[in-house]
Number of protein chains: 2
Amino acid sequence: MSSGGTSNATPGQRLPTLEDVAAVAGVSRATVSRVINGIRNVDPQLHEVVWNAVAQTGYLPNRAARSLVTRRTGTVALVVSDSETHDDDPFMSRFFADPYFGRVVGGLMSVLRPKGIQLALLMVGTPDAHARLVGDLRQGQLDGAVLLSMYAEDTLPRLLADAGVAAVMIGRPARPMPLSYVDLANDAGGALAAGHLVARGCQRIGMISGPVDVPASHDRSTGFRQALARHGHAYIPSVAGNFTHDSGEQAMRQLLAGNPGLDGVFVANDLMATGALAALREADLRVPDDIAVVGFDDSSAALAARPPLTTIRHPLEDMAAQGARLLLARVDDPDLRVTSAIFEPTLVVRGSA
Amino acid sequence: MSSGGTSNATPGQRLPTLEDVAAVAGVSRATVSRVINGIRNVDPQLHEVVWNAVAQTGYLPNRAARSLVTRRTGTVALVVSDSETHDDDPFMSRFFADPYFGRVVGGLMSVLRPKGIQLALLMVGTPDAHARLVGDLRQGQLDGAVLLSMYAEDTLPRLLADAGVAAVMIGRPARPMPLSYVDLANDAGGALAAGHLVARGCQRIGMISGPVDVPASHDRSTGFRQALARHGHAYIPSVAGNFTHDSGEQAMRQLLAGNPGLDGVFVANDLMATGALAALREADLRVPDDIAVVGFDDSSAALAARPPLTTIRHPLEDMAAQGARLLLARVDDPDLRVTSAIFEPTLVVRGSA
DNA sequence: ATGACATAGGAGAGCGCTCTCCTTACCGCG
DNA sequence: CGCGGTAAGGAGAGCGCTCTCCTATGTCAT
């Protein structure tokens with residue numbers, strides 16, 4: 001009788017409430033609440049009686065009612081802030097299908113799941129949606145937010161920082177502001193790539209960067225340039241792409257056209273690097289013999305590419321997990337000060353360089 | 001003054017409630033509620049007065065309070081049912097990083113987002129989690145669930161069907177049951193692959209299938225086999241993989257070992273197909289000249305592969321979107337009968353066959 | 001002018017829960 | 001034997017909202 005689980009639930013329509021459990025257990029609603037939430041002052045005997053009553057009635061707590069009074073929901077949001085283009089379906093599918101998104105989700109889940117915290121996916125593009133998000137955060141409909149901001153001029157980070165709500169960005173904000181974040185030492189990653197290319201003996205090195213206004217992209221380029229400068233390379237020809245396969249292919253063609261003798265190239269992410277590979281093949285250049293290619297991210301595309309990409313590994317799952325931890329700490333103690341965590345990238349040598 | 005937006009909110013700590021708005025507008029709480037929810041019987045003049053008061057107070061509705069009475073949350077869950085292995089982090093990262101997951105999310109979002117419905121990500125592995133999910137669904141903490149079931153013996157589909165809650169599966173349930181679903185005509189996909197291989201003139205055809213107990217995988221194999229049988233191929237040597245790159249590579253080696261003269265192979269998903277490509281390269285077999293390879297899914301891996309994979313395109317985003325629509329229809333009208341939608345796959349010819 | 005009928009808006013009862021306050025019972029001590 | 005102290009559990013006030021009921025005010029036909 002004590003095992004059960006969900007047994008005789010829903011005789012009619014109404015689901016059992018605390019009151020029903022209380023009646024069965026012969027105690028007051030307050031006591032049942034105490035037992036269920038594991039709070040002080042409960043006679044061990046009653047404790048058992050109550051749990052039996054819970055099992056017998058098939059009681060399940062009503063979250064809405066609970067949140068109404070506690071102002072907590074046990075839900076954090078993964079917020080994708082993507083400017084106004086919310087009818088741009090291609091963007092959406094591309095973004096979600098990108099391993100980047102999945103790795104973040106996986107990392108967050110690894111922390112959230114054991115604690116029974118739900119992850120809500122939110123896309124916000126309009127000021128209106130921003131306001132609603134901040135409202136949810138303040139009202140306690142959302143305990144916190146992990147922010148994935150897609151463009152530099154995004155006003156949402158500022159909004160969240162000003163509102164003083166629990167939020168953590170993945171990737172540092174474009175402008176400094178009091179908002180916690182986790183990030184990769186992108187500049188160190190760029191330096192790693194530079195070091196590897198130099199060590200290989202490359203003399204004429206180029207770069208395909210990402211969009212210039214994205215902090216991560218900017219840091220990768222800067223790190224790469226500075227490291228090369230230390231080795232005497234004062235000028236690095238470079239073309240900017242937008243992180244897609246096609247833009248990488250195009251950028252590579254352009255780079256090649258202007259700089260025929262290139263023997264090494266750093267590409268700011270793997271997807272563009274696979275595009276670059278295609279352009280190189282088309283130009284009858286052998287990789288890595290004629291030209292070495294170093295990518296960034298160590299995404300699944302790196303492994304599938306031919307030759308497999310030498311790339312900079314991004315511990316995105318760990319970063320997201322740490323972000324979740326920061327967020328939860330902040331939720332538990334709102335006075336916690338703004339924190340950041342920077343992760344070190346590593347070089348993964350494969351066939352392309 | 002009428003523009004505003006979020007203006008003088010939070011003077012102290014307490015957030016503005018309906019009551020506050022009512023006071024400012026000089027009407028009753030009920031009227032404000034009517035206006036906000038756009039219900040009948042509102043004097044157009046008051047209408048405006050109320051909206052001004054909303055703007056002035058910076059009022060934002062409290063979802064918990066609302067759900068408590070409406071028993072609706074405007075949230076549906078994407079449920080990933082993954083057996084007991086919830087500490088198996090490698091699984092998680094692999095699953096989430098797989099484009100499959102992202103494409104589903106993207107498809108769901110394209111329908112959910114315009115309606116302002118949140119998507120909650122839920123992983124359930126234990127009976128306990130199953131019970132909690134059903135509870136949330138019944139209590140109205142979750143308006144509905146989209147189910148991604150990862151293994152054939154999963155008891156969750158049955159549970160949801162029996163509970164009669166709003167739920168839609170992506171991919172048909174392993175056993176027939178009264179549960180709505182959207183699916184791909186996997187058998188037709190297999191037939192498409194068979195047809196293409198035959199049309200190419202392949203004589204000795206093999207197959208790398210997925211796990212036998214997964215319905216999608218089973219249907220692909222069956223469709224492929226039956227179509228070939230119609231062309232006189234009574235026996236198709238085949239090896240089963242588990243949908244990963246490595247398992248594909250291994251399966252290809254094994255297949256090759258037992259059937260040296262193979263000139264065509266159907267691989268049940270693209271990821272395994274890229275593995276197969278690696279094994280073929282290692283065996284010094286040219287694709288498609290020596291042996292043609294047809295994959296399945298048209299994932300991003302298909303494009304990145306060398307040669308690019310000829311594959312069967314899976315309109316996963318559309319399927320997920322349709323699933324979301326079915327679900328919402330069911331949420332609006334609980335008496336709606338169980339429905340299913342089957343999508344047709346298409347052949348995408350690239351370099352590998 | 002009078003009554004039948006619609007229609008706008010207010011009053012107030014909950015939704016299911018948590019948590020503060022208070023009563024009651026019990027302990028040990030002077 | 002009476003008193004302060006403590007611990008256990010009940011009573012009940014809300015949390016912010018929706019929605020049913022009801023009243024006040026028109027509007028029109030008789």
# chains A, B, ... in the order shown; residues from 1 in each chain; ligands from 1

$ closest_atom_pairs --of "chain B" --to "chain D" --cutoff "7 Å" --atoms "only C-alpha atoms (C1' of nucleotides)" --output "Markdown table"
| residue | atom | partner | partner_atom | distance |
| --- | --- | --- | --- | --- |
| B:Thr17 | CA | D:DG16 | C1' | 6.8 |
| B:Asn62 | CA | D:DG16 | C1' | 6.6 |
| B:Ala65 | CA | D:DC17 | C1' | 4.9 |
| B:Arg66 | CA | D:DC17 | C1' | 5.0 |
| B:Val69 | CA | D:DT18 | C1' | 6.2 |

$ write_last_selection --atoms "N, CA and C atoms" --output "CSV table (one decimal), in the first residue's frame"
chain,number,residue,atom,x,y,z
B,17,THR,N,0.1,45.9,-10.0
B,17,THR,CA,-0.8,44.8,-10.3
B,17,THR,C,-2.1,45.4,-11.0
B,62,ASN,N,0.9,39.0,-14.4
B,62,ASN,CA,1.5,37.9,-13.7
B,62,ASN,C,1.0,36.6,-14.2
B,65,ALA,N,-0.4,33.9,-11.7
B,65,ALA,CA,-1.8,34.2,-11.2
B,65,ALA,C,-2.8,33.9,-12.3
B,66,ARG,N,-2.4,34.2,-13.4
B,66,ARG,CA,-3.4,34.0,-14.5
B,66,ARG,C,-3.6,32.5,-14.8
B,69,VAL,N,-5.9,30.4,-12.5
B,69,VAL,CA,-7.3,30.4,-12.7
B,69,VAL,C,-7.7,29.9,-14.1

$ interface_residues --of "chain A" --to "chain C" --cutoff "10 Å" --atoms "only C-alpha atoms (C1' of nucleotides)" --output "VMD selection string"
chain A and resid 17 to 19 29 to 30 33 to 34 37 61 to 70

$ closest_residue --among "A:Asp154, A:Asp270, A:Glu282, A:Glu317" --to "chain B" --atoms "only C-alpha atoms"
A:Glu317

$ closest_atom_pairs --of "chain B" --to "chain A" --cutoff "6 Å" --atoms "only C-alpha atoms" --output "CSV"
residue,atom,partner,partner_atom,distance
B:Ala64,CA,A:Ala64,CA,4.7
B:Ala65,CA,A:Leu68,CA,5.8
B:Leu68,CA,A:Ala64,CA,5.3
B:Met92,CA,A:Gly106,CA,5.8
B:Ser93,CA,A:Gly106,CA,5.0
B:Phe96,CA,A:Gly102,CA,4.4
B:Ala97,CA,A:Gly102,CA,4.2
B:Pro99,CA,A:Ala97,CA,4.6
B:Gly102,CA,A:Ala97,CA,4.2
B:Arg103,CA,A:Ala97,CA,5.2
B:Gly106,CA,A:Ser93,CA,5.0
B:Leu119,CA,A:Leu121,CA,5.3
B:Ala120,CA,A:Ala120,CA,4.1
B:Leu121,CA,A:Leu119,CA,5.3

$ residues_around --residues "Leu336 of chain B" --least-positions-apart "3" --cutoff "12 Å" --atoms "only C-alpha atoms (C1' of nucleotides)" --output "ChimeraX atom specification"
/B:164-167,178-180,326-333,339

$ atom_distance --atom1 "atom CA of Pro173 of chain A" --atom2 "atom CA of Arg158 of chain A"
8.8 Å

$ atom_distance --atom1 "atom CA of Arg325 of chain B" --atom2 "atom CA of Met169 of chain B"
12.2 Å

$ atom_distance --atom1 "atom CA of Leu46 of chain A" --atom2 "atom CA of Lys115 of chain A"
26.8 Å

$ select_by_dssp --residues "segment 83-316 of chain A" --states "strand (DSSP E or B)" --output "VMD selection string"
chain A and resid 118 to 124 144 to 149 167 to 170 180 to 184 205 to 209 238 to 240 264 to 267 292 to 294 297 310 to 313
